[in-house]
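Worksheet: the structure to be examined is printed underneath.
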Amino acid sequence: MNSLHSGYRFGILAVAGSFLVAACICFGLPSGQNAPARGTSLLEGRQVGPFSLTRETGETVRSDDLQDSVWLAAFTFTRCPSSCPRISATLKGLQDKLAGTDVRIVSFSVDPKFDTPSVLKSYGEKFGADPARWWFLTGDESAVYDLIQKSFVVSVVPTTPEERKAGAEDIAHSDRIVLIDRGLKLVRHFDSNDPAELETLITEARRRGLASWIRALPKLNATLNFTSFVFLLTGWALVRRGRWRAHAFLMLTCLAISGAFLSCYLTYHYFVGTVRFPGSGPIRSLYLSILLSHTVLAVAMVPMIALTVYRAIRKDFERHRKIARVTFPIWVYISLTGVIIYLMLYQMNHAPVAIATL
C-alpha cells in the first residue's frame with residue numbers, strides 16, 4: 001500500500017479506535033452515572049394560557065405580558081401554614097440566584113377569594129419579593145384553578161372538613177415549580193423540595209433567559225462546523241487536482257473557522273456552564289460516545305494541525321503531505337460530529353409521550 005493510502009488509513013483508524021473506546025466506556029457506565037438531567041419532564045412546548053389575572057399592585061396581567069419572558073410559576077396561598085412559607089422561601093432563594101437575568105417568578109394564589117391584591121402585596125414584602133421580577137397573581141377562583149390544572153398540569157383542590165381536622169391545609173396544591181419558556185411554552189416541573197433539581201432549574205432558567213445573541217451561539221457553532229466540513233472536502237478535492245493555491249486558501253479558511261468556533265464555544269459556556277444531554281438510555285450513551293471521541297480527537301488534533309501548517313510554511317511539502325493525510329480524516333470527523341452533537345443536544349425531541357398531574 002502506498003504512503004497516500006497508509007496515511008489516510010492511519011487517520012481513519014484513529015477515528016474509529018477513538019469512537020470504539022469511547023463507546024465501550026459510555027455504554028458500560030452504570031445506570032446511575034448515565035442518568036439524564038434531573039427534573040420531572042413534561043411534553044416540552046405545551047402552551048400555557050391564555051389568562052387574565054390581577055397583580056398584587058392591582059394591575060391586570062395577561063398571558064401576553066409574559067409572552068417574551070422566561071419565568072417560573074409556583075402555587076401558594078397566604079393563609080397556608082406550612083408548605084407555602086417553605087415554597088416562598090425557596091422562590092426568594094431562586095430570585096437571588098437568578099439576579100442579573102431577565103427570568104421572572106410568578107406566584108399564583110390558590111386561595112383567590114381571600115388573597116386580594118393588598119394581601120398578596122404584604123405577603124410579597126414579607127418574603128423580600130422584588131416587584132420588578134416576582135409577581136403575585138389572583139383572580140376568579142374557577143379561572144385560576146382551570147389554568148393551574150389544564151395549563152400547568154398540576155393539582156389544586158380544596159380539602160374537606162374531615163381532612164382539615166386531620167391536619168391538612170385548607171387547599172391541597174402542588175409544590176412543584178414550573179419553568180416556562182418564551183412563547184408561553186411549558187418546559188418542565190421541578191420538585192421544590194429537592195436541592196439537586198433546584199440547581200438544575202437555575203441552570204436551565206439561566207440558559208433560556210440569556211440574551212438572544214448568546215442563545216444563537218450553538219446554532220452558529222454548528223454552522224461553523226458544517227462550513228469547515230464542506231471546505232475540508234473541497235480543499236481535499238482541489239489538492240488532488242493540483243490546485244495548490246485554492247487548496248491553501250480553503251485550509252487557512254478552515255483554520256480561521258476553527259478559531260472562531262473556539263471563541264464562540266468558550267463564550268457560550270462561560271455564560272451557560274455545562275449543558276447536560278436530557279435524553280436517557282442507549283441514545284444518551286451514543287451521544288456521550290460521540291462527544292467523548294470528538295473532544296479527545298479535537299485536543300489531539302491541535303498539535304497535528306500546527307505541525308501541518310508549519311511544514312507547509314517551511315515548504316517542506318513532502319513531510320507536510322504525510323502529516324496532512326493523517327490529520328485530514330480526524331479533522332473531517334471533528335467537524336461532522338460537531339454538527340451531530342448540536343442536533344442531538346438542541347434539536348432532538350427528548351420529551352416523554354405522556355404527562356401526569358402532580
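FYI, nothing fancy with the C-alpha cells labels: chains A, B, ... in order, residues from 1 per chain, ligands from 1 as they appear.
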Strand (DSSP E) positions in region 147-200 of chain A, given as a CSV table (one decimal) with C-alpha atoms, in the first residue's frame:
```csv
chain,number,residue,atom,x,y,z
A,156,VAL,CA,-55.2,22.0,43.2
A,157,VAL,CA,-58.3,21.2,45.2
A,158,PRO,CA,-59.9,22.5,48.4
A,171,ILE,CA,-56.2,23.8,49.9
A,172,ALA,CA,-54.3,20.8,48.6
A,173,HIS,CA,-51.9,22.0,45.9
A,176,ARG,CA,-43.8,21.9,42.0
A,177,ILE,CA,-42.1,24.9,40.3
A,178,VAL,CA,-42.8,25.1,36.6
A,179,LEU,CA,-40.4,26.5,34.1
A,180,ILE,CA,-42.0,28.4,31.2
A,181,ASP,CA,-40.0,29.4,28.2
A,185,LYS,CA,-44.1,27.2,26.3
A,186,LEU,CA,-44.1,24.9,29.3
A,187,VAL,CA,-40.7,23.2,29.8
A,188,ARG,CA,-40.6,21.1,32.9
A,189,HIS,CA,-41.8,20.6,36.5
A,190,PHE,CA,-39.1,20.8,39.3
A,191,ASP,CA,-39.5,19.5,42.9
```
Test item: residues at most 8 Å from Ser293 (chain A), only C-alpha atoms, excluding those fewer than 3 positions along its chain, as a PDB file with N, CA and C atoms, in the first residue's frame:
```pdb
ATOM      1  N   VAL A  15      -9.697   7.600  14.216  1.00  0.00           N
ATOM      2  CA  VAL A  15     -11.094   7.994  14.430  1.00  0.00           C
ATOM      3  C   VAL A  15     -11.915   6.801  14.912  1.00  0.00           C
ATOM      4  N   SER A  18     -10.893   5.665  18.449  1.00  0.00           N
ATOM      5  CA  SER A  18     -11.350   6.604  19.483  1.00  0.00           C
ATOM      6  C   SER A  18     -12.838   6.428  19.757  1.00  0.00           C
ATOM      7  N   PHE A  19     -13.613   6.266  18.694  1.00  0.00           N
ATOM      8  CA  PHE A  19     -15.056   6.098  18.887  1.00  0.00           C
ATOM      9  C   PHE A  19     -15.365   4.778  19.588  1.00  0.00           C
ATOM     10  N   ALA A  22     -14.485   5.065  23.233  1.00  0.00           N
ATOM     11  CA  ALA A  22     -15.478   5.931  23.881  1.00  0.00           C
ATOM     12  C   ALA A  22     -16.798   5.191  24.063  1.00  0.00           C
ATOM     13  N   SER A 289     -20.744   8.879  23.643  1.00  0.00           N
ATOM     14  CA  SER A 289     -19.657   8.262  22.869  1.00  0.00           C
ATOM     15  C   SER A 289     -19.153   9.215  21.793  1.00  0.00           C
ATOM     16  N   ILE A 290     -20.085   9.844  21.094  1.00  0.00           N
ATOM     17  CA  ILE A 290     -19.705  10.808  20.056  1.00  0.00           C
ATOM     18  C   ILE A 290     -18.992  11.999  20.680  1.00  0.00           C
ATOM     19  N   VAL A 296     -11.721  14.236  22.610  1.00  0.00           N
ATOM     20  CA  VAL A 296     -10.355  13.702  22.673  1.00  0.00           C
ATOM     21  C   VAL A 296      -9.608  13.976  21.373  1.00  0.00           C
ATOM     22  N   LEU A 297     -10.257  13.727  20.251  1.00  0.00           N
ATOM     23  CA  LEU A 297      -9.599  13.945  18.961  1.00  0.00           C
ATOM     24  C   LEU A 297      -9.371  15.426  18.689  1.00  0.00           C
TER      25      LEU A 297
END
```
Can you tell me, as number ranges by chain, which residues in region 204-282 of chain A count as alpha helix (DSSP H) by DSSP?
A: 204-208, 212-215, 217-240, 244-272, 282
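By chain and then residue number, the residues within 10 Å of Ala143 (chain A) are Phe51, Ser52 and Leu53 of chain A, counting only C-alpha atoms and disregarding those fewer than 6 positions away in sequence.
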Write the selection just made, keeping N, CA and C atoms, as a PDB file, in the first residue's frame?
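Wrote it out as again.pdb, contents follow:
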```pdb
ATOM      1  N   PHE A  51     -54.679  33.688  29.857  1.00  0.00           N
ATOM      2  CA  PHE A  51     -55.265  34.061  31.135  1.00  0.00           C
ATOM      3  C   PHE A  51     -55.218  35.571  31.311  1.00  0.00           C
ATOM      4  N   SER A  52     -56.065  36.049  32.201  1.00  0.00           N
ATOM      5  CA  SER A  52     -56.092  37.460  32.584  1.00  0.00           C
ATOM      6  C   SER A  52     -56.365  37.510  34.079  1.00  0.00           C
ATOM      7  N   LEU A  53     -55.354  37.918  34.864  1.00  0.00           N
ATOM      8  CA  LEU A  53     -55.447  37.923  36.317  1.00  0.00           C
ATOM      9  C   LEU A  53     -54.981  39.271  36.857  1.00  0.00           C
TER      10      LEU A  53
END
```
Measuring between only C-alpha atoms, which one of A:Gly167, A:Tyr123, A:Pro112, A:Gly139 shows the shortest distance to Ser82 (chain A)?
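So, comparing all the options, the nearest one is A:Gly167.
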Name all residues at most 10 Å from Thr295 (chain A) (count only C-alpha atoms; drop same-chain ones fewer than 4 positions away) and give them as an NGL selection string.
:A and (289-291 or 299-301 or 334 or 337-338)
Taking 4 positions as the minimum chain separation for residues in the same chain, which residues sit within 9 Å of Ser174 (chain A) when counting only C-alpha atoms? Answer as a PDB file with C-alpha atoms, in the first residue's frame.
```
ATOM      1  CA  ALA A  74     -45.418  28.463  41.651  1.00  0.00           C
ATOM      2  CA  PHE A  75     -48.666  27.897  43.545  1.00  0.00           C
ATOM      3  CA  THR A  76     -49.215  29.190  47.078  1.00  0.00           C
ATOM      4  CA  VAL A 154     -50.529  20.341  38.487  1.00  0.00           C
ATOM      5  CA  SER A 155     -53.148  19.594  41.108  1.00  0.00           C
ATOM      6  CA  VAL A 156     -55.174  22.033  43.206  1.00  0.00           C
ATOM      7  CA  LEU A 358     -48.536  16.473  40.063  1.00  0.00           C
TER       8      LEU A 358
END
```
Kindly provide the residues of region 47-71 of chain A that approach region 205-216 of chain A to within 10 Å, each paired with its closest atom pair and their distance in Å to one decimal, based on only C-alpha atoms, listed by chain and increasing number, as a Markdown table.
```
| residue | atom | partner | partner_atom | distance |
| --- | --- | --- | --- | --- |
| A:Ser69 | CA | A:Gly209 | CA | 7.6 |
| A:Val70 | CA | A:Gly209 | CA | 5.7 |
| A:Trp71 | CA | A:Ala205 | CA | 7.8 |
```
Residues just named, written with N, CA and C atoms as a short mmCIF file (atom, residue, chain, number, x, y, z; two decimals), in the first residue's frame:
```cif
data_model
loop_
_atom_site.label_atom_id
_atom_site.label_comp_id
_atom_site.auth_asym_id
_atom_site.auth_seq_id
_atom_site.Cartn_x
_atom_site.Cartn_y
_atom_site.Cartn_z
N SER A 69 -41.01 36.38 27.86
CA SER A 69 -40.22 36.16 29.07
C SER A 69 -39.99 34.68 29.34
N VAL A 70 -38.90 34.41 30.06
CA VAL A 70 -38.69 33.11 30.69
C VAL A 70 -39.10 33.28 32.14
N TRP A 71 -39.96 32.41 32.66
CA TRP A 71 -40.46 32.63 34.01
C TRP A 71 -40.74 31.32 34.73
#
```
Enter the distance from CA of Trp236 (chain A) to CA of Arg321 (chain A), in Å, rounded to one decimal.
11.4 Å
Skip Phe229 (chain A) itself and residues of its chain fewer than 4 positions away, then list as a list in words all residues within 10 Å of it, counting only C-alpha atoms.
Thr223, Leu224, Asn225, Leu233, Thr234, Gly235, Cys254, Trp331, Val332, Tyr333, Ile334, Ser335, Leu336, Thr337, Gly338 and Val339 of chain A
What would the file look like if the residues just selected were written as an mmCIF file, in the first residue's frame with C-alpha atoms?
```cif
data_model
loop_
_atom_site.group_PDB
_atom_site.id
_atom_site.type_symbol
_atom_site.label_atom_id
_atom_site.label_comp_id
_atom_site.auth_asym_id
_atom_site.auth_seq_id
_atom_site.Cartn_x
_atom_site.Cartn_y
_atom_site.Cartn_z
ATOM 1 C CA THR A 223 -22.879 26.273 11.098
ATOM 2 C CA LEU A 224 -19.152 26.885 11.502
ATOM 3 C CA ASN A 225 -18.527 23.160 11.890
ATOM 4 C CA LEU A 233 -13.724 18.123 1.461
ATOM 5 C CA THR A 234 -13.469 20.826 -1.204
ATOM 6 C CA GLY A 235 -9.849 21.548 -0.300
ATOM 7 C CA CYS A 254 -10.837 26.249 7.881
ATOM 8 C CA TRP A 331 -10.474 16.992 11.170
ATOM 9 C CA VAL A 332 -13.383 15.848 8.987
ATOM 10 C CA TYR A 333 -14.711 13.680 11.828
ATOM 11 C CA ILE A 334 -14.473 16.519 14.343
ATOM 12 C CA SER A 335 -16.280 18.939 12.029
ATOM 13 C CA LEU A 336 -19.050 16.473 11.202
ATOM 14 C CA THR A 337 -19.595 15.307 14.776
ATOM 15 C CA GLY A 338 -19.744 18.937 15.893
ATOM 16 C CA VAL A 339 -22.920 19.246 13.820
#
```
Pairwise distance for CA of Asp175 (chain A) and CA of Phe136 (chain A), rounded to one decimal in Å
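Straight-line distance from CA of Asp175 (chain A) to CA of Phe136 (chain A) works out to 15.9 Å.
Each of A:Arg314, A:Arg55, A:Lys150, A:Lys165 was compared to Pro117 (chain A) using only C-alpha atoms, and A:Arg55 turns out to be the nearest.
Closest approach to Val103 (chain A) among A:Ile283, A:Val275, A:Leu72, A:Cys84: A:Leu72, based on only C-alpha atoms.
Going from CA of Cys26 (chain A) to CA of Leu286 (chain A) covers 7.6 Å.
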What's the 10 Å shell around Met344 (chain A), counting only C-alpha atoms, without same-chain residues fewer than 3 positions away, as a PyMOL selection string?
chain A and resi 277-279+283-284+286-287+339-341+347-350
Mind dumping the selected residues with N, CA and C atoms as an mmCIF file, in the first residue's frame?
```
data_model
loop_
_atom_site.group_PDB
_atom_site.id
_atom_site.type_symbol
_atom_site.label_atom_id
_atom_site.label_comp_id
_atom_site.auth_asym_id
_atom_site.auth_seq_id
_atom_site.Cartn_x
_atom_site.Cartn_y
_atom_site.Cartn_z
ATOM 1 N N PHE A 277 -27.029 16.454 28.420
ATOM 2 C CA PHE A 277 -27.932 15.818 27.462
ATOM 3 C C PHE A 277 -29.174 15.339 28.203
ATOM 4 N N PRO A 278 -30.383 15.755 27.783
ATOM 5 C CA PRO A 278 -31.590 15.437 28.552
ATOM 6 C C PRO A 278 -32.153 14.048 28.310
ATOM 7 N N GLY A 279 -31.677 13.354 27.281
ATOM 8 C CA GLY A 279 -32.208 12.031 26.985
ATOM 9 C C GLY A 279 -31.658 10.963 27.915
ATOM 10 N N ILE A 283 -29.659 6.114 23.584
ATOM 11 C CA ILE A 283 -29.391 7.342 22.825
ATOM 12 C C ILE A 283 -28.452 8.251 23.603
ATOM 13 N N ARG A 284 -28.559 8.237 24.927
ATOM 14 C CA ARG A 284 -27.648 9.030 25.752
ATOM 15 C C ARG A 284 -26.229 8.462 25.690
ATOM 16 N N LEU A 286 -24.983 6.785 23.214
ATOM 17 C CA LEU A 286 -24.467 7.109 21.883
ATOM 18 C C LEU A 286 -23.980 8.552 21.834
ATOM 19 N N TYR A 287 -24.789 9.460 22.400
ATOM 20 C CA TYR A 287 -24.395 10.876 22.431
ATOM 21 C C TYR A 287 -23.068 11.052 23.169
ATOM 22 N N VAL A 339 -21.543 19.020 14.271
ATOM 23 C CA VAL A 339 -22.920 19.246 13.820
ATOM 24 C C VAL A 339 -23.860 18.223 14.456
ATOM 25 N N ILE A 340 -23.432 16.962 14.493
ATOM 26 C CA ILE A 340 -24.272 15.904 15.070
ATOM 27 C C ILE A 340 -24.543 16.164 16.550
ATOM 28 N N ILE A 341 -23.527 16.602 17.283
ATOM 29 C CA ILE A 341 -23.695 16.909 18.707
ATOM 30 C C ILE A 341 -24.717 18.022 18.896
ATOM 31 N N GLN A 347 -31.724 19.921 19.143
ATOM 32 C CA GLN A 347 -32.829 19.784 18.201
ATOM 33 C C GLN A 347 -33.618 18.490 18.360
ATOM 34 N N MET A 348 -33.031 17.486 18.966
ATOM 35 C CA MET A 348 -33.728 16.211 19.127
ATOM 36 C C MET A 348 -34.813 16.340 20.185
ATOM 37 N N ASN A 349 -35.962 15.741 19.929
ATOM 38 C CA ASN A 349 -37.070 15.772 20.878
ATOM 39 C C ASN A 349 -36.872 14.673 21.916
ATOM 40 N N HIS A 350 -36.602 15.080 23.168
ATOM 41 C CA HIS A 350 -36.371 14.111 24.243
ATOM 42 C C HIS A 350 -37.580 13.992 25.163
#
```
Compare A:Glu204, A:Glu169, A:Glu141, A:Glu56 by their minimum atom-to-atom distance to Cys80 (chain A), counting only C-alpha atoms, and give me the closest one.
A:Glu169
